[in-house]
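Worksheet: the structure to be examined is printed underneath.
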Amino acid sequence: MPDLAATLETIVDDMRRETERGAVADYIPELAKIDPRKFGVAVALADGRVAAAGDCDEPFSIQSVSKVFALTLALGKIGDALWRRVGREPSGNAFNSIIQLEYERGVPRNPFINAGAIVVTDAILAGHKPREAIGMILRFARELAGADSVVIDGAVAKSESETGFRNVALAAYMKSFGNLLNPVDMTMGVYFHQCAIAMSCRQLARAGGYLAAHGRQFDGHRVVTPEAARRINALMLTCGHYAASGDFAFRVGIPGKSGVGGGVLATVPGVASIAVWSPGLNAAGNSLLGTLALERLTHAMDWSIFGD
Ligand code: GLU
């Protein structure tokens with residue numbers, strides 16, 4: 001096996017030299033301020049070792065990567081009942097599309113498009129106050145990352161609360177079909193805070209360990225059942241990159257979930273959990289260089305789940 005640390009350094013050097021870096025998300029004003037030259041990567045191996053390079057210790061807004069952790073929590077809370085409210089098929093549409101919701105009568109295609117994630121957050125919120133639900137999600141993220149320094153970036157949460165009209169529209173539309181249990185403003189308050197969780201690549205790679213190790217963190221702590229971990233990985237592979245999920249599977253060959261902050265969490269089942277961060281996005285809203293870096297990494301390490 002090639003040397004992982006050296007491979008990461010080479011990838012960081014290559015990515016620093018790239019001139020085509022994509023566009024930083026500007027529909028959330030606070031995210032538009034991020035320096036597009038940032039690049040970090042971290043790999044947590046199942047044997048407990050961690051290799052990391054570049055801006056791997058700088059916290060960034062994980063945005064939709066949080067949908068993976070929210071789904072994990074919701075499955076733990078209500079189990080398979082969740083699948084009555086959200087589907088398990090790729091959408092082939094933009095992350096914030098409203099079109100499909102009309103003809104599929106308010107049941108989103110999957111938990112990783114915005115509408116689906118809003119339903120998942122709504123399930124976590126049920127029976128709690130928004131403040132408690134936000135606390136539960138943050139505590140879970142901290143526990144997974146093994147770091148109390150994981151926080152919710154208040155400025156990002158506020159920025160999105162003030163401008164996230166399309167997400168509010170998705171929630172209101174689902175409410176009209178009876179697929180939202182809580183008031184729209186309460187569910188969206190929790191959703192915007194969940195998206196504003198900030199972590200470094202090193203923390204995020206560690207947080208995703210349970211997906212690579214049959215539902216247990218690399219230190220042995222059980223997070224979910226092996227079945228749940230397997231299913232979450234399947235959804236990441238098929239739905240984790242919005243309308244570019246097929247392209248990600250084709251190029252990178254492992255389950256992954258992107259966020260508009262430019263982060264990607266990816267799993268090499270049985271082997272490693274990977275986090276990469278480069279803020280510039282491609283047309284589908286996924287990290288441009290993050291995807292390229294993962295493609296190089298899985299190729300160099302022979303990590304595609306589809307073989308070499
Ligand atoms: N908070 C973002 C939104 O809801 C998440 C989207 C993403 O990261 O892909 O618009």
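We label chains A, B, ... in the order they appear in the structure tokens, count residues from 1 in each chain, and number ligands from 1 in the order shown.
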
query: ligand 1: which residues are within 8 Å, counting only C-alpha atoms and all ligand atoms, as a PyMOL selection string?
result: chain A and resi 28+62-65+95-96+113-114+160+164+167+191-192+195-196+258-261+285-286

Just to be explicit: take each residue in the selection above, keep C-alpha atoms, and write the result as a PDB file, in the first residue's frame.
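Final output, part_2.pdb:
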ATOM      1  CA  ILE A  28     -25.561  32.213   2.518  1.00  0.00           C
ATOM      2  CA  ILE A  62     -20.006  21.446   7.597  1.00  0.00           C
ATOM      3  CA  GLN A  63     -23.451  22.422   6.242  1.00  0.00           C
ATOM      4  CA  SER A  64     -25.101  19.388   4.615  1.00  0.00           C
ATOM      5  CA  VAL A  65     -22.532  16.938   5.906  1.00  0.00           C
ATOM      6  CA  PHE A  95     -30.242  20.228  -3.472  1.00  0.00           C
ATOM      7  CA  ASN A  96     -32.985  22.778  -2.838  1.00  0.00           C
ATOM      8  CA  ILE A 113     -31.618  16.673  -0.288  1.00  0.00           C
ATOM      9  CA  ASN A 114     -32.727  19.705   1.707  1.00  0.00           C
ATOM     10  CA  GLU A 160     -28.963  31.420   6.816  1.00  0.00           C
ATOM     11  CA  GLY A 164     -33.047  30.801   3.712  1.00  0.00           C
ATOM     12  CA  ASN A 167     -35.691  26.171   2.611  1.00  0.00           C
ATOM     13  CA  TYR A 191     -32.184  22.898  10.678  1.00  0.00           C
ATOM     14  CA  PHE A 192     -30.252  26.170  10.210  1.00  0.00           C
ATOM     15  CA  CYS A 195     -26.137  23.148   9.168  1.00  0.00           C
ATOM     16  CA  ALA A 196     -23.946  25.725  10.945  1.00  0.00           C
ATOM     17  CA  SER A 258     -20.973  16.941   0.564  1.00  0.00           C
ATOM     18  CA  GLY A 259     -21.888  20.315   2.051  1.00  0.00           C
ATOM     19  CA  VAL A 260     -21.985  23.798   0.505  1.00  0.00           C
ATOM     20  CA  GLY A 261     -19.269  24.859   2.953  1.00  0.00           C
ATOM     21  CA  GLY A 285     -23.041  22.517  -5.287  1.00  0.00           C
ATOM     22  CA  ASN A 286     -20.301  20.041  -4.344  1.00  0.00           C
TER      23      ASN A 286
END

Near Val190 of chain A, counting only C-alpha atoms, which residues have an atom at most 6 Å away, once you skip same-chain residues fewer than 2 positions from it, shown as a list in words? Pro130, Ile134, Thr187, Met188, Phe192 and His193 of chain A

Show me a table, sorted first by chain and then by increasing residue number, of the residues of segment 16-44 of chain A having an atom at most 12 Å from segment 208-218 of chain A, each with its shortest atom pair and the distance in Å to one decimal, counting only C-alpha atoms and written as a Markdown table.
| residue | atom | partner | partner_atom | distance |
| --- | --- | --- | --- | --- |
| A:Ala42 | CA | A:Gly208 | CA | 11.3 |
| A:Val43 | CA | A:Gly209 | CA | 9.8 |
| A:Ala44 | CA | A:Gly209 | CA | 7.1 |

The selected residues should be written to file as a PDB file, in the first residue's frame (atoms: all heavy atoms).
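Wrote again11.pdb, looks like this:
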ATOM      1  N   ALA A  42      -8.126  14.922   5.911  1.00  0.00           N
ATOM      2  CA  ALA A  42      -7.756  14.043   7.029  1.00  0.00           C
ATOM      3  C   ALA A  42      -8.336  12.658   6.781  1.00  0.00           C
ATOM      4  O   ALA A  42      -9.448  12.520   6.253  1.00  0.00           O
ATOM      5  CB  ALA A  42      -8.279  14.599   8.351  1.00  0.00           C
ATOM      6  N   VAL A  43      -7.569  11.649   7.145  1.00  0.00           N
ATOM      7  CA  VAL A  43      -8.009  10.259   7.010  1.00  0.00           C
ATOM      8  C   VAL A  43      -7.856   9.586   8.367  1.00  0.00           C
ATOM      9  O   VAL A  43      -6.757   9.538   8.923  1.00  0.00           O
ATOM     10  CB  VAL A  43      -7.153   9.502   5.962  1.00  0.00           C
ATOM     11  CG1 VAL A  43      -7.597   8.049   5.868  1.00  0.00           C
ATOM     12  CG2 VAL A  43      -7.236  10.183   4.599  1.00  0.00           C
ATOM     13  N   ALA A  44      -8.975   9.109   8.912  1.00  0.00           N
ATOM     14  CA  ALA A  44      -8.921   8.324  10.148  1.00  0.00           C
ATOM     15  C   ALA A  44      -9.017   6.855   9.753  1.00  0.00           C
ATOM     16  O   ALA A  44      -9.978   6.439   9.101  1.00  0.00           O
ATOM     17  CB  ALA A  44     -10.078   8.712  11.069  1.00  0.00           C
TER      18      ALA A  44
END

With distances taken over only C-alpha atoms, the candidate from A:Val86, A:Ile305, A:Ala23, A:Ala147 nearest Glu104 of chain A is A:Val86

Can you tell me how far atom CA of Leu101 of chain A sits from atom CA of Ile78 of chain A, in Å to one decimal?
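For atom CA of Leu101 of chain A relative to atom CA of Ile78 of chain A, the distance reads 22.8 Å.
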
Nearest to His299 of chain A, restricted to only C-alpha atoms and choosing among A:Gly146, A:Gly253, A:Gly135, A:Pro108, comes out as A:Gly253

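Counting only C-alpha atoms and comparing A:Leu125, A:Ala117, A:Val252, A:Val151, the residue that lies closest to Lys77 of chain A is A:Leu125.
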
| said: Report, in Å to a single decimal, how far apart atom CA of Pro255 of chain A and atom CA of Met236 of chain A are. | reply: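 Separation of atom CA of Met236 of chain A and atom CA of Pro255 of chain A: 4.9 Å.
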
| message | If you run DSSP on the backbone here, which positions in segment 79-127 of chain A get alpha helix (DSSP H)? Please write them as a PyMOL selection string. | response | chain A and resi 99-103+114-125

Inset, instruction - Compare A:Ser149, A:Ser304, A:Gln203, A:Thr19 by their minimum atom-to-atom distance to Val41 of chain A, counting only C-alpha atoms, and give me the closest one. - result: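 Result for the nearest residue to Val41 of chain A: A:Gln203.
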
Next item on the list: Figure out the distance between atom CA of Ser287 of chain A and atom CA of Glu30 of chain A, please, to one decimal in Å.
Entry: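 Rounded to one decimal, the two atoms are 17.2 Å apart.
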
Name the residues in contact with Leu294 of chain A at a cut-off of 10 Å, using only C-alpha atoms, excluding same-chain residues fewer than 2 positions from it; report them as a ChimeraX atom specification.
/A:11,41,248,251-254,256,264-266,274-276,289-292,296-300

Worksheet entry | Proximity to Ser161 of chain A - best of A:Asp57, A:Met136, A:Pro29, A:Arg21, only C-alpha atoms |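 Checking each of A:Asp57, A:Met136, A:Pro29, A:Arg21 against Ser161 of chain A, counting only C-alpha atoms, the winner is A:Pro29.
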
Handout entry: Close residues, Ser91 of chain A itself excluded, 10 Å, only C-alpha atoms, min 6 positions apart in chain, as a count of residues only
Key = 14

Shortest contact to Arg231 of chain A, candidates A:Asp3, A:Asp153, A:Asp80, A:Asp247, atoms counted only C-alpha atoms, goes to A:Asp80
